[in-house]
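Enquirer: Pasting protein-v3.cif here (mmCIF, C-alpha atoms):
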data_input
#
loop_
_atom_site.label_atom_id
_atom_site.label_comp_id
_atom_site.auth_asym_id
_atom_site.auth_seq_id
_atom_site.Cartn_x
_atom_site.Cartn_y
_atom_site.Cartn_z
CA MET U 1354 -33.00 -15.83 -7.07
CA LEU U 1355 -29.87 -17.74 -6.08
CA PRO U 1356 -27.34 -18.73 -8.74
CA ILE U 1357 -27.81 -22.40 -9.62
CA ASN U 1358 -24.24 -23.24 -8.60
CA VAL U 1359 -24.69 -21.96 -5.05
CA SER U 1360 -25.36 -24.76 -2.57
CA MET U 1361 -27.58 -24.48 0.48
CA ALA U 1362 -24.49 -24.95 2.62
CA ARG U 1363 -23.06 -21.86 0.99
CA VAL U 1364 -26.23 -19.93 1.74
CA LYS U 1365 -26.05 -20.97 5.40
CA PHE U 1366 -22.43 -19.87 5.49
CA LEU U 1367 -23.32 -16.45 4.12
CA LEU U 1368 -26.17 -16.05 6.58
CA ALA U 1369 -23.75 -16.88 9.39
CA GLU U 1370 -21.45 -14.17 8.07
CA VAL U 1371 -24.33 -11.70 8.11
CA ARG U 1372 -25.03 -12.53 11.75
CA ALA U 1373 -21.34 -12.37 12.58
CA VAL U 1374 -20.96 -8.85 11.22
CA SER U 1375 -24.32 -7.52 12.38
CA VAL U 1376 -22.74 -6.44 15.67
CA PRO U 1377 -21.23 -2.95 15.24
CA LEU U 1378 -17.55 -3.82 15.53
CA ARG U 1379 -15.09 -0.99 16.02
CA HIS U 1380 -11.47 -0.45 15.02
CA SER U 1381 -8.93 0.81 17.54
CA SER U 1382 -9.51 4.31 16.13
CA GLY U 1383 -13.10 4.12 17.41
CA ARG U 1384 -14.61 4.15 13.92
CA PRO U 1385 -17.07 1.33 13.08
CA TRP U 1386 -16.08 -1.54 10.82
CA PHE U 1387 -18.04 -2.22 7.63
CA ALA U 1388 -18.15 -5.74 6.22
CA LYS U 1389 -17.24 -5.91 2.53
CA CYS U 1390 -16.49 -8.71 0.08
CA HIS U 1391 -12.78 -9.02 -0.78
CA THR U 1392 -13.61 -10.00 -4.38
CA CYS U 1393 -16.34 -7.59 -5.48
CA SER U 1394 -16.24 -5.00 -2.65
CA TYR U 1395 -19.97 -5.18 -1.96
CA LYS U 1396 -20.76 -3.92 1.53
CA PHE U 1397 -23.11 -6.84 2.17
CA PRO U 1398 -22.38 -10.56 1.81
CA CYS U 1399 -22.30 -11.75 -1.78
CA PHE U 1400 -21.67 -15.28 -3.00
CA HIS U 1401 -17.88 -14.96 -2.90
CA GLY U 1402 -17.93 -15.05 0.89
CA ARG U 1403 -14.49 -13.43 1.20
CA PHE U 1404 -14.81 -10.61 3.70
CA PHE U 1405 -12.59 -7.85 4.98
CA TYR U 1406 -13.45 -4.97 7.25
CA SER U 1407 -13.22 -1.26 6.58
CA THR U 1408 -13.47 1.90 8.61
CA GLU U 1409 -14.52 3.75 5.45
CA GLY U 1410 -18.27 3.72 4.95
CA GLY U 1411 -19.85 4.59 1.63
CA ARG U 1412 -18.94 3.58 -1.89
CA GLY U 1413 -18.23 7.04 -3.30
CA ARG U 1414 -14.69 7.39 -1.99
CA GLU U 1415 -11.74 7.49 -4.38
CA VAL U 1416 -9.27 6.28 -1.73
CA SER U 1417 -10.29 4.10 1.21
CA LEU U 1418 -8.59 2.24 4.03
CA THR U 1419 -9.37 -1.38 4.86
CA PHE U 1420 -8.08 -3.74 7.54
CA LEU U 1421 -7.92 -7.46 6.83
CA PRO U 1422 -8.94 -10.02 9.48
CA GLY U 1423 -7.80 -13.53 10.35
CA GLU U 1424 -4.32 -14.52 9.22
CA CYS U 1425 -3.95 -11.04 7.73
CA THR U 1426 -4.63 -9.20 10.99
CA GLY U 1427 -2.24 -6.25 11.12
CA LEU U 1428 -2.37 -5.65 7.38
CA ALA U 1429 -3.98 -2.45 6.09
CA GLU U 1430 -4.86 -1.87 2.46
CA VAL U 1431 -5.03 1.52 0.80
CA VAL U 1432 -7.55 0.95 -1.96
CA MET U 1433 -7.71 3.31 -4.93
CA SER U 1434 -11.04 3.12 -6.79
CA GLN U 1435 -11.43 6.25 -8.90
CA ILE U 1436 -12.78 4.50 -11.98
CA HIS U 1437 -13.88 7.51 -14.04
CA ALA U 1438 -10.43 9.16 -14.05
CA ARG U 1439 -8.25 6.04 -13.71
CA ASN U 1440 -7.00 6.89 -10.21
CA SER U 1441 -5.56 10.17 -11.44
CA LEU U 1442 -4.17 12.56 -8.85
CA GLY U 1443 -6.90 15.18 -8.55
CA ASN U 1444 -7.80 17.29 -5.54
CA VAL U 1445 -10.36 14.87 -4.08
CA PHE U 1446 -8.07 11.86 -4.57
CA VAL U 1447 -5.14 13.66 -2.94
CA ASP U 1448 -7.28 14.91 -0.04
CA GLN U 1449 -8.49 11.39 0.70
CA MET U 1450 -5.01 9.90 0.36
CA TYR U 1451 -3.73 12.49 2.85
CA GLU U 1452 -6.48 11.47 5.27
CA VAL U 1453 -5.70 7.76 4.94
CA VAL U 1454 -1.94 8.22 5.35
CA GLN U 1455 -2.45 10.37 8.44
CA LYS U 1456 -4.56 7.62 10.04
CA LEU U 1457 -1.93 4.98 9.28
CA LYS U 1458 0.88 7.09 10.69
CA HIS U 1459 -0.59 6.89 14.21
CA ASP U 1460 -1.98 3.33 14.13
CA ASN U 1461 0.38 1.04 16.05
CA SER U 1462 -1.78 -2.00 15.30
CA VAL U 1463 -0.81 -1.89 11.61
CA ARG U 1464 2.22 -4.03 10.77
CA ALA U 1465 2.25 -3.55 6.99
CA VAL U 1466 0.42 -1.49 4.38
CA LEU U 1467 -0.47 -2.57 0.86
CA PHE U 1468 -1.35 -0.02 -1.84
CA LYS U 1469 -3.66 -1.47 -4.49
CA SER U 1470 -6.11 -0.42 -7.17
CA GLU U 1471 -9.63 -1.62 -7.82
CA VAL U 1472 -9.54 -0.19 -11.34
CA LYS U 1473 -8.61 -3.05 -13.66
CA GLY U 1474 -5.49 -2.38 -15.70
CA ILE U 1475 -4.63 0.79 -13.76
CA PHE U 1476 -2.53 1.38 -10.65
CA CYS U 1477 -2.45 5.18 -10.85
CA ALA U 1478 -2.51 7.13 -14.11
CA GLY U 1479 -0.71 10.17 -12.71
CA ALA U 1480 -1.85 13.78 -12.84
CA ASP U 1481 -5.45 14.69 -13.54
CA LEU U 1482 -4.58 16.85 -16.55
CA LYS U 1483 -8.15 18.04 -17.11
CA GLU U 1484 -8.30 19.39 -13.58
CA ARG U 1485 -4.75 20.72 -13.81
CA ALA U 1486 -5.64 22.69 -16.96
CA GLN U 1487 -8.14 24.73 -14.93
CA MET U 1488 -5.50 25.84 -12.41
CA SER U 1489 -3.47 29.02 -12.51
CA ASN U 1490 0.34 28.82 -12.49
CA THR U 1491 0.34 29.62 -8.78
CA GLU U 1492 -2.27 26.97 -8.05
CA VAL U 1493 -0.29 24.38 -9.99
CA GLY U 1494 2.82 25.17 -7.94
CA HIS U 1495 0.93 24.84 -4.66
CA PHE U 1496 -0.75 21.60 -5.75
CA VAL U 1497 2.49 19.93 -6.86
CA SER U 1498 4.19 20.99 -3.62
CA ARG U 1499 1.33 19.40 -1.70
CA LEU U 1500 1.61 16.25 -3.81
CA ARG U 1501 5.35 16.08 -3.09
CA THR U 1502 4.62 16.31 0.63
CA LEU U 1503 2.05 13.52 0.33
CA MET U 1504 4.60 11.18 -1.29
CA SER U 1505 7.11 12.05 1.43
CA ASN U 1506 4.48 11.24 4.06
CA ILE U 1507 3.91 7.84 2.45
CA ALA U 1508 7.66 7.19 2.38
CA ALA U 1509 7.86 8.18 6.05
CA LEU U 1510 5.19 5.76 7.26
CA PRO U 1511 6.81 3.75 10.05
CA MET U 1512 5.66 0.33 8.88
CA PRO U 1513 6.62 -1.50 5.64
CA THR U 1514 4.65 -0.43 2.56
CA ILE U 1515 4.08 -2.49 -0.59
CA ALA U 1516 2.80 -1.25 -3.95
CA ALA U 1517 0.90 -3.83 -6.02
CA VAL U 1518 1.22 -2.55 -9.59
CA ASP U 1519 -1.24 -4.50 -11.72
CA GLY U 1520 -1.54 -1.91 -14.49
CA TYR U 1521 -0.43 1.53 -15.59
CA ALA U 1522 1.68 3.53 -13.12
CA LEU U 1523 2.64 6.69 -14.94
CA GLY U 1524 4.04 10.01 -13.76
CA GLY U 1525 2.70 10.62 -10.27
CA GLY U 1526 1.44 7.03 -10.23
CA LEU U 1527 4.99 5.71 -10.44
CA GLU U 1528 6.07 8.34 -7.90
CA LEU U 1529 3.47 6.86 -5.54
CA ALA U 1530 4.92 3.38 -6.08
CA LEU U 1531 8.45 4.73 -5.59
CA ALA U 1532 7.40 6.17 -2.22
CA CYS U 1533 6.65 2.60 -1.07
CA ASP U 1534 9.31 0.31 0.37
CA ILE U 1535 8.60 -2.60 -1.97
CA ARG U 1536 7.09 -2.73 -5.45
CA ILE U 1537 5.56 -5.78 -7.11
CA ALA U 1538 4.39 -5.65 -10.71
CA ALA U 1539 2.49 -7.79 -13.16
CA ASN U 1540 4.44 -8.46 -16.36
CA SER U 1541 1.78 -6.51 -18.28
CA ALA U 1542 2.06 -3.41 -16.10
CA LYS U 1543 3.36 -0.20 -17.69
CA MET U 1544 5.52 2.20 -15.69
CA GLY U 1545 7.23 5.46 -16.51
CA LEU U 1546 8.01 8.99 -15.43
CA ILE U 1547 6.55 10.54 -18.57
CA GLU U 1548 6.53 14.18 -17.48
CA THR U 1549 9.07 15.33 -20.12
CA THR U 1550 6.57 14.29 -22.79
CA ARG U 1551 4.19 16.87 -21.30
CA GLY U 1552 6.70 19.69 -20.95
CA LEU U 1553 7.35 18.98 -17.28
CA LEU U 1554 9.69 17.06 -15.02
CA PRO U 1555 8.81 14.68 -12.16
CA GLY U 1556 7.66 16.93 -9.33
CA ALA U 1557 6.49 14.60 -6.58
CA GLY U 1558 9.81 13.01 -5.71
CA GLY U 1559 10.42 10.99 -8.86
CA SER U 1560 13.62 12.74 -9.87
CA GLN U 1561 15.06 11.94 -6.44
CA ARG U 1562 13.70 8.48 -5.64
CA LEU U 1563 14.17 6.86 -9.06
CA PRO U 1564 17.98 7.40 -9.12
CA ARG U 1565 18.19 5.95 -5.62
CA VAL U 1566 16.38 2.82 -6.79
CA VAL U 1567 17.78 2.13 -10.28
CA GLY U 1568 20.95 4.23 -10.32
CA LEU U 1569 21.61 7.70 -11.70
CA GLY U 1570 22.41 6.73 -15.30
CA MET U 1571 19.32 4.58 -15.81
CA ALA U 1572 17.09 7.15 -14.07
CA LYS U 1573 18.35 9.88 -16.40
CA GLU U 1574 17.66 7.72 -19.44
CA LEU U 1575 14.10 6.95 -18.32
CA ILE U 1576 13.27 10.54 -17.33
CA PHE U 1577 14.94 12.22 -20.34
CA THR U 1578 13.07 9.94 -22.78
CA GLY U 1579 9.79 9.69 -20.87
CA ARG U 1580 9.91 6.00 -21.72
CA GLN U 1581 7.31 3.51 -20.51
CA ILE U 1582 8.55 0.06 -19.53
CA ASP U 1583 6.71 -3.15 -18.68
CA GLY U 1584 6.97 -5.28 -15.56
CA GLU U 1585 9.73 -7.52 -16.92
CA GLN U 1586 11.88 -4.54 -17.87
CA ALA U 1587 11.19 -2.89 -14.52
CA PHE U 1588 12.38 -6.01 -12.74
CA SER U 1589 15.55 -6.23 -14.84
CA ILE U 1590 16.67 -2.74 -13.75
CA GLY U 1591 15.63 -3.17 -10.12
CA LEU U 1592 12.64 -0.84 -10.22
CA VAL U 1593 10.40 -3.59 -8.82
CA ASN U 1594 11.23 -6.39 -6.39
CA HIS U 1595 9.16 -9.05 -8.11
CA VAL U 1596 7.39 -9.50 -11.43
CA VAL U 1597 4.58 -12.02 -11.90
CA PRO U 1598 2.53 -13.17 -14.91
CA GLN U 1599 -0.81 -11.39 -15.02
CA ASN U 1600 -3.88 -13.54 -14.40
CA ASP U 1601 -7.44 -13.44 -15.74
CA MET U 1602 -8.63 -11.43 -12.74
CA GLY U 1603 -5.98 -8.78 -13.35
CA ASP U 1604 -4.71 -8.91 -9.76
CA ALA U 1605 -1.57 -11.08 -9.94
CA ALA U 1606 0.68 -8.40 -8.43
CA TYR U 1607 -1.79 -7.88 -5.60
CA ARG U 1608 -1.85 -11.59 -4.79
CA LYS U 1609 1.94 -11.74 -4.74
CA ALA U 1610 2.03 -8.61 -2.57
CA LEU U 1611 -0.44 -10.21 -0.18
CA ASP U 1612 1.77 -13.29 0.13
CA LEU U 1613 4.77 -11.07 0.87
CA ALA U 1614 2.82 -9.09 3.47
CA LYS U 1615 1.92 -12.36 5.19
CA GLU U 1616 5.65 -13.05 5.58
CA ILE U 1617 6.14 -9.68 7.26
CA LEU U 1618 3.15 -9.82 9.63
CA PRO U 1619 4.51 -12.49 12.04
CA GLN U 1620 7.78 -10.62 12.61
CA ALA U 1621 8.38 -8.36 15.60
CA PRO U 1622 6.68 -5.09 14.60
CA ILE U 1623 8.91 -2.73 16.58
CA ALA U 1624 12.02 -4.42 15.22
CA VAL U 1625 10.67 -4.16 11.67
CA ARG U 1626 9.87 -0.47 12.13
CA MET U 1627 13.29 0.24 13.57
CA ALA U 1628 14.96 -1.68 10.74
CA LYS U 1629 13.08 0.48 8.23
CA GLU U 1630 14.09 3.67 10.03
CA SER U 1631 17.72 2.55 10.23
CA MET U 1632 17.90 1.78 6.51
CA ASN U 1633 15.98 4.84 5.32
CA LYS U 1634 17.97 7.32 7.41
CA GLY U 1635 21.25 5.50 6.93
CA MET U 1636 21.00 5.74 3.14
CA GLN U 1637 20.96 9.53 3.39
CA VAL U 1638 24.34 9.82 5.15
CA ASP U 1639 27.86 8.37 5.02
CA ILE U 1640 28.35 4.85 6.37
CA THR U 1641 29.93 6.00 9.64
CA SER U 1642 26.90 8.14 10.42
CA GLY U 1643 24.72 5.28 9.25
CA MET U 1644 26.30 2.99 11.83
CA ALA U 1645 25.43 5.53 14.52
CA ILE U 1646 21.82 5.56 13.30
CA GLU U 1647 21.74 1.75 13.40
CA HIS U 1648 23.04 1.85 16.98
CA MET U 1649 20.31 4.28 18.05
CA CYS U 1650 17.60 2.16 16.45
CA TYR U 1651 19.01 -1.00 18.03
CA THR U 1652 18.97 0.52 21.51
CA ARG U 1653 15.26 1.23 21.11
CA VAL U 1654 14.61 -2.48 20.54
CA ILE U 1655 16.61 -3.81 23.51
CA PRO U 1656 14.03 -2.98 26.24
CA THR U 1657 11.05 -4.41 24.34
CA LYS U 1658 9.06 -7.46 25.45
CA ASP U 1659 9.27 -8.73 21.88
CA ARG U 1660 13.05 -9.10 22.17
CA LEU U 1661 12.64 -11.25 25.29
CA GLU U 1662 9.89 -13.25 23.56
CA GLY U 1663 12.17 -13.89 20.58
CA MET U 1664 14.92 -15.28 22.80
CA ALA U 1665 12.47 -17.37 24.83
CA ALA U 1666 10.92 -18.83 21.69
CA PHE U 1667 14.36 -19.79 20.39
CA ILE U 1668 15.33 -21.51 23.64
CA GLU U 1669 11.96 -23.30 23.89
CA LYS U 1670 12.05 -24.28 20.19
CA ARG U 1671 8.69 -22.71 19.32
CA LEU U 1672 7.42 -19.91 17.12
CA PRO U 1673 7.52 -16.47 18.78
CA ARG U 1674 4.32 -14.57 19.50
CA PHE U 1675 5.19 -10.91 19.06
CA THR U 1676 2.79 -8.33 20.44
CA GLY U 1677 4.50 -5.09 19.47
CA GLU U 1678 5.48 -4.23 23.04
#
Please express what this file holds, its structure, as structure tokens.
Expert:
Amino acid sequence: MLPINVSMARVKFLLAEVRAVSVPLRHSSGRPWFAKCHTCSYKFPCFHGRFFYSTEGGRGREVSLTFLPGECTGLAEVVMSQIHARNSLGNVFVDQMYEVVQKLKHDNSVRAVLFKSEVKGIFCAGADLKERAQMSNTEVGHFVSRLRTLMSNIAALPMPTIAAVDGYALGGGLELALACDIRIAANSAKMGLIETTRGLLPGAGGSQRLPRVVGLGMAKELIFTGRQIDGEQAFSIGLVNHVVPQNDMGDAAYRKALDLAKEILPQAPIAVRMAKESMNKGMQVDITSGMAIEHMCYTRVIPTKDRLEGMAAFIEKRLPRFTGE
């Protein structure tokens, strides 16, 4: 039975959507698209009528990759949906995140990546301590080393990455957000590298990335105390780029991140990638060496069609149409 507030026009719209997605569309990777609702994530049309497309079939995955259509074409979302363990970093979760990141690394059609959670009130709760307790000392060492490599792989993705932190991001969860280029948080979000409260220290890059983001003194204070801070506090120390009031849906940070991604998408993708590479590599060396890195990145942009399109659009007083060539 249809909900009483659903009009016949809405029903016709949904049926049209069913017909539109009944053809087996395929992503550039060759994998088939699956139509899903952007609001409730059902694989078949519901009454929200807000669809995105995914190359990840099945609803049992803990981490999946989706590609948004229309005005968001070029935007990929890494969706974390491990409800039972609050997106904790267990073996299955890490395996699937590795798989997703590897796909993104080689996908030139992706202009920006957004990391989000479908678990309300949680971004990523950090280590799966129940699973970790079953590991030997050697296994723990290997697992943490693998987790550190995963975070480095996320940081090394060539396109801009945005973390939408709508809830708790603790331990490895905050390390995941720190591996992204930009972080956006709801004011109610809770963040912290809490490892010292568990007899550990940050082991997936947190002790290195946090000082580079908030400064050495503040990073030491946060790590030594294992303190948790909210979105407003995170913004005040520069841990996040933006803080927004949480909404009733619990996705205010995601919505702000989506708006920011839409600002990035129209820009020349090769230029954006080279700008990211120039900044990331330049921050690791002295400024003279950094200038040399900038020069090398700039020379890679000069022969592109997008550079010529940008100049032509300026002369003709129109918006540029960048193709990533």
Enquirer: The PyMOL selection byres ((chain U and resi 1572-1577) around 12) - which residues does that actually catch in the file I just gave you? List them as an MDAnalysis selection string.
Expert: chainID U and resid 1523:1524 1527 1544:1556 1559:1571 1578:1582 1586:1587 1590:1592
Enquirer: Apply the PyMOL selection byres ((chain U and resi 1508) around 8) to the file shown and report the selected residues as an NGL selection string.
Expert: :U and (1504-1507 or 1509-1510 or 1532-1534)
Enquirer: Measuring between all atoms listed in the file, which one of U:Asp1601, U:Ala1530, U:Pro1511, U:Ala1516 shows the shortest distance to Ser1462 (chain U)?
Expert: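 Going through U:Asp1601, U:Ala1530, U:Pro1511, U:Ala1516 one by one, the smallest distance to Ser1462 (chain U) is for U:Pro1511.
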Enquirer: Hey, can you pull every residue with an atom no more than 12 Å from (8.6, -5.1, -7.3), using all atoms listed in the file, and send it as a PyMOL selection string?
Expert: chain U and resi 1514-1519+1527+1530-1531+1533-1540+1542+1544+1566+1583-1597+1606-1607+1609-1610+1613
Enquirer: As an exercise, work out the distance from CA of Ala1478 (chain U) to CA of Ala1438 (chain U) in Å and give it to one decimal place.
Expert: 8.2 Å
Enquirer: Which value, in Å to one decimal, gives the distance between CA of Leu1661 (chain U) and CA of Phe1675 (chain U)?
Expert: 9.7 Å
Enquirer: Counting all atoms listed in the file, figure out which residue out of U:Glu1484, U:Met1636, U:Pro1513, U:Val1445 gets nearest to Leu1457 (chain U).
Expert: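 For Leu1457 (chain U), the nearest of the given residues is U:Pro1513.
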Enquirer: Residues at most 12 Å from His1648 (chain U), counting only C-alpha atoms, excluding those fewer than 5 positions away in the same chain, as a count of residues only?
Expert: 12
